[in-house]
$ cat upload_23.txt   # compact mmCIF, C-alpha atoms
# COMPACT_ATOMS: atom_id res chain seq x y z
CA MET A 1 -19.90 -12.03 -6.66
CA ALA A 2 -17.36 -9.80 -4.94
CA LYS A 3 -18.49 -6.49 -3.55
CA LYS A 4 -17.20 -3.53 -5.59
CA PRO A 5 -15.15 -1.05 -3.57
CA GLU A 6 -16.59 2.42 -3.14
CA THR A 7 -15.44 5.07 -5.57
CA ASN A 8 -12.29 7.08 -4.76
CA SER A 9 -11.41 5.07 -1.65
CA ARG A 10 -7.72 4.99 -0.71
CA ILE A 11 -5.76 1.76 -0.76
CA ALA A 12 -2.31 2.99 0.27
CA GLU A 13 -0.72 6.37 0.86
CA ASN A 14 2.89 7.53 0.75
CA LYS A 15 3.13 9.94 3.68
CA LYS A 16 6.92 9.86 3.61
CA ALA A 17 6.92 11.44 0.13
CA ALA A 18 5.23 14.64 1.36
CA PHE A 19 7.94 14.98 4.01
CA ASN A 20 10.85 14.38 1.61
CA TYR A 21 9.67 16.27 -1.50
CA PHE A 22 7.96 19.44 -2.71
CA PHE A 23 5.20 18.46 -5.15
CA GLU A 24 5.08 20.53 -8.34
CA GLU A 25 2.38 18.66 -10.31
CA ARG A 26 0.15 15.66 -9.73
CA HIS A 27 -1.02 13.17 -12.33
CA GLU A 28 -3.26 10.12 -12.20
CA ALA A 29 -2.09 6.92 -13.89
CA GLY A 30 -3.58 3.48 -14.31
CA ILE A 31 -1.63 0.38 -13.29
CA VAL A 32 -1.23 -2.94 -15.10
CA LEU A 33 -2.01 -5.57 -12.45
CA GLN A 34 -2.52 -9.31 -12.28
CA GLY A 35 -5.66 -10.86 -10.84
CA TRP A 36 -4.16 -11.87 -7.51
CA GLU A 37 -2.87 -8.31 -7.02
CA VAL A 38 -6.34 -6.81 -7.40
CA LYS A 39 -7.72 -9.25 -4.82
CA ALA A 40 -4.88 -8.39 -2.45
CA LEU A 41 -5.53 -4.66 -2.94
CA ARG A 42 -9.19 -5.18 -2.02
CA SER A 43 -7.90 -6.67 1.23
CA GLY A 44 -5.68 -3.63 1.76
CA LYS A 45 -2.35 -5.46 1.50
CA ALA A 46 -0.34 -2.74 -0.26
CA GLN A 47 2.53 -0.46 0.69
CA ILE A 48 4.09 2.31 -1.42
CA SER A 49 6.26 4.13 1.11
CA GLU A 50 9.49 2.88 -0.54
CA ALA A 51 8.17 3.05 -4.12
CA TYR A 52 9.36 5.29 -6.93
CA VAL A 53 8.66 5.75 -10.65
CA VAL A 54 11.25 5.29 -13.40
CA ILE A 55 11.08 5.98 -17.13
CA LYS A 56 12.24 3.21 -19.49
CA ASP A 57 11.87 3.43 -23.27
CA GLY A 58 9.26 6.18 -23.01
CA GLU A 59 7.09 4.25 -20.51
CA LEU A 60 6.53 4.70 -16.78
CA PHE A 61 7.19 1.86 -14.35
CA LEU A 62 6.43 1.63 -10.63
CA ILE A 63 9.27 0.05 -8.64
CA GLY A 64 9.21 -0.91 -4.98
CA CYS A 65 5.43 -1.07 -4.54
CA GLN A 66 4.73 -4.06 -2.32
CA ILE A 67 1.49 -5.96 -2.76
CA GLN A 68 1.45 -8.93 -0.42
CA PRO A 69 -0.33 -11.95 -1.96
CA LEU A 70 -3.21 -13.64 -0.23
CA LYS A 71 -2.49 -17.12 1.08
CA THR A 72 -4.86 -18.68 -1.45
CA ALA A 73 -3.13 -16.99 -4.41
CA SER A 74 0.38 -18.06 -3.47
CA THR A 75 -0.55 -21.76 -3.60
CA HIS A 76 -1.78 -21.68 -7.21
CA ILE A 77 0.54 -19.28 -9.03
CA SER A 78 3.98 -17.78 -8.57
CA THR A 79 3.67 -14.37 -6.95
CA ASP A 80 6.23 -11.60 -6.64
CA ALA A 81 5.28 -8.89 -4.15
CA THR A 82 7.73 -6.29 -5.49
CA ARG A 83 7.59 -6.89 -9.23
CA LEU A 84 7.91 -4.10 -11.81
CA ARG A 85 4.46 -2.63 -12.60
CA LYS A 86 3.70 -0.57 -15.68
CA LEU A 87 1.87 2.74 -15.28
CA LEU A 88 -0.58 3.85 -17.95
CA MET A 89 -0.75 7.49 -19.06
CA LYS A 90 -1.25 9.33 -22.33
CA LYS A 91 1.86 9.68 -24.49
CA ASP A 92 1.89 13.46 -24.49
CA GLU A 93 1.73 13.54 -20.67
CA ILE A 94 4.59 11.03 -20.48
CA ARG A 95 6.70 13.07 -22.92
CA ARG A 96 6.11 16.23 -20.89
CA LEU A 97 7.06 14.42 -17.68
CA ILE A 98 10.23 13.04 -19.31
CA GLY A 99 11.24 16.60 -20.20
CA LYS A 100 10.68 17.77 -16.62
CA VAL A 101 12.45 14.78 -15.03
CA GLU A 102 15.54 15.40 -17.15
CA GLN A 103 15.77 18.83 -15.52
CA LYS A 104 17.98 19.02 -12.46
CA GLY A 105 16.41 17.80 -9.22
CA TYR A 106 13.03 16.55 -10.45
CA THR A 107 11.76 13.02 -9.85
CA LEU A 108 8.50 11.10 -10.09
CA VAL A 109 7.04 9.87 -6.81
CA PRO A 110 3.86 7.80 -6.26
CA THR A 111 1.72 9.52 -3.63
CA ASN A 112 -1.18 7.09 -3.28
CA LEU A 113 -3.10 4.14 -4.69
CA HIS A 114 -6.87 4.44 -4.89
CA TRP A 115 -9.98 3.00 -6.51
CA LYS A 116 -11.71 4.97 -9.26
CA ASN A 117 -14.83 3.45 -10.83
CA GLY A 118 -13.67 -0.08 -9.99
CA LEU A 119 -10.14 0.45 -11.34
CA VAL A 120 -6.90 0.91 -9.42
CA LYS A 121 -5.22 4.26 -10.03
CA CYS A 122 -1.91 5.66 -8.84
CA ASP A 123 -1.32 9.35 -8.20
CA VAL A 124 2.14 10.30 -9.43
CA ALA A 125 3.70 13.60 -8.38
CA LEU A 126 6.45 15.51 -10.14
CA ALA A 127 8.58 16.38 -7.14
CA LYS A 128 11.73 18.19 -6.14
CA GLY A 129 13.74 17.00 -3.14
CA LYS A 130 13.67 18.99 0.08
CA ALA A 131 16.84 20.17 1.76
CA GLU A 132 17.53 19.18 5.37
CA HIS A 133 16.61 22.62 6.75
CA ASP A 134 13.22 22.45 4.97
CA LYS A 135 12.49 19.16 6.71
CA ARG A 136 13.44 20.68 10.07
CA ASP A 137 11.03 23.58 9.43
CA VAL A 138 8.21 21.12 8.78
CA ILE A 139 8.94 19.28 12.04
CA LYS A 140 9.14 22.58 13.96
CA ASP A 141 5.76 23.75 12.59
CA ARG A 142 4.14 20.39 13.38
CA GLU A 143 5.43 20.48 16.99
CA GLY A 144 4.22 24.06 17.39
CA LYS A 145 0.72 23.11 16.25
CA ARG A 146 0.65 20.19 18.69
CA GLU A 147 1.62 22.45 21.59
CA VAL A 148 -1.11 24.95 20.70
CA GLU A 149 -3.68 22.15 20.48
CA ARG A 150 -2.59 20.80 23.89
CA ALA A 151 -2.85 24.27 25.45
CA MET A 152 -6.30 24.84 23.96
CA LYS A 153 -7.48 21.41 25.09
CA SER A 154 -6.30 21.92 28.69
CA ARG A 155 -7.80 25.43 28.72
CA ASN A 156 -11.22 24.16 27.60
CA ARG A 157 -11.41 21.66 30.47
$ encode --input "upload_23.txt" --output "structure tokens"
Amino acid sequence: MAKKPETNSRIAENKKAAFNYFFEERHEAGIVLQGWEVKALRSGKAQISEAYVVIKDGELFLIGCQIQPLKTASTHISTDATRLRKLLMKKDEIRRLIGKVEQKGYTLVPTNLHWKNGLVKCDVALAKGKAEHDKRDVIKDREGKREVERAMKSRNR
């Protein structure tokens, strides 16, 4: 029998989203997956850096999430690494998110995939896009912290 993954362990993270957006709220959603996708996720073959969430007919769908199939799975069944995946949330949460997304500038962005009690969950953030000068400020702060760390490291030697 396959070994169960530890609770709350990360599968994939969207670091690019934190750079491009301000996160207003975070929500956890389940994902409808096929069997081969779960096996591939246990192997860590997922990427969500280009993924985004859309709303169709009052339901949430994850687009652009790439789950690369294992070699054994691709011989038996037809696999699509970038297929549309449905996200599972309560109706009242979805309705509230729809109202927020219809406001100017808000979007839904997946921030990470993780295991929770043996199930795959996706953290979805209600986000607002950053302006170019905000991104430059983030880069400037990051470089400043690196320089301070280098100075402290050389001073401690």
$ axis_aligned_box --input "upload_23.txt" --around "segment 46-52 of chain A" --padding-each-side "3 Å" --output "JSON"
{"center_x": 4.6, "center_y": 1.3, "center_z": -2.9, "size_x": 15.8, "size_y": 14.0, "size_z": 14.0}
$ residues_near_point --input "upload_23.txt" --point "(8.8, 3.1, -15.4)" --cutoff "12 Å" --atoms "all atoms listed in the file" --output "number ranges by chain"
A: 29, 31-32, 51-64, 83-89, 94, 97-98, 107-110, 124
$ atom_distance --input "upload_23.txt" --atom1 "atom CA of Lys16 of chain A" --atom2 "atom CA of Trp115 of chain A"
20.9 Å
$ atom_distance --input "upload_23.txt" --atom1 "atom CA of Ile67 of chain A" --atom2 "atom CA of Lys91 of chain A"
26.8 Å
$ atom_distance --input "upload_23.txt" --atom1 "atom CA of Leu70 of chain A" --atom2 "atom CA of Thr111 of chain A"
23.9 Å
$ closest_residue --input "upload_23.txt" --among "A:Ser43, A:Asn20, A:Asn112, A:Gln103" --to "Asp134 of chain A" --atoms "all atoms listed in the file"
A:Asn20
$ residues_around --input "upload_23.txt" --residues "Leu113 of chain A" --least-positions-apart "5" --cutoff "7 Å" --atoms "all atoms listed in the file" --output "ChimeraX atom specification"
/A:10-13,120-123
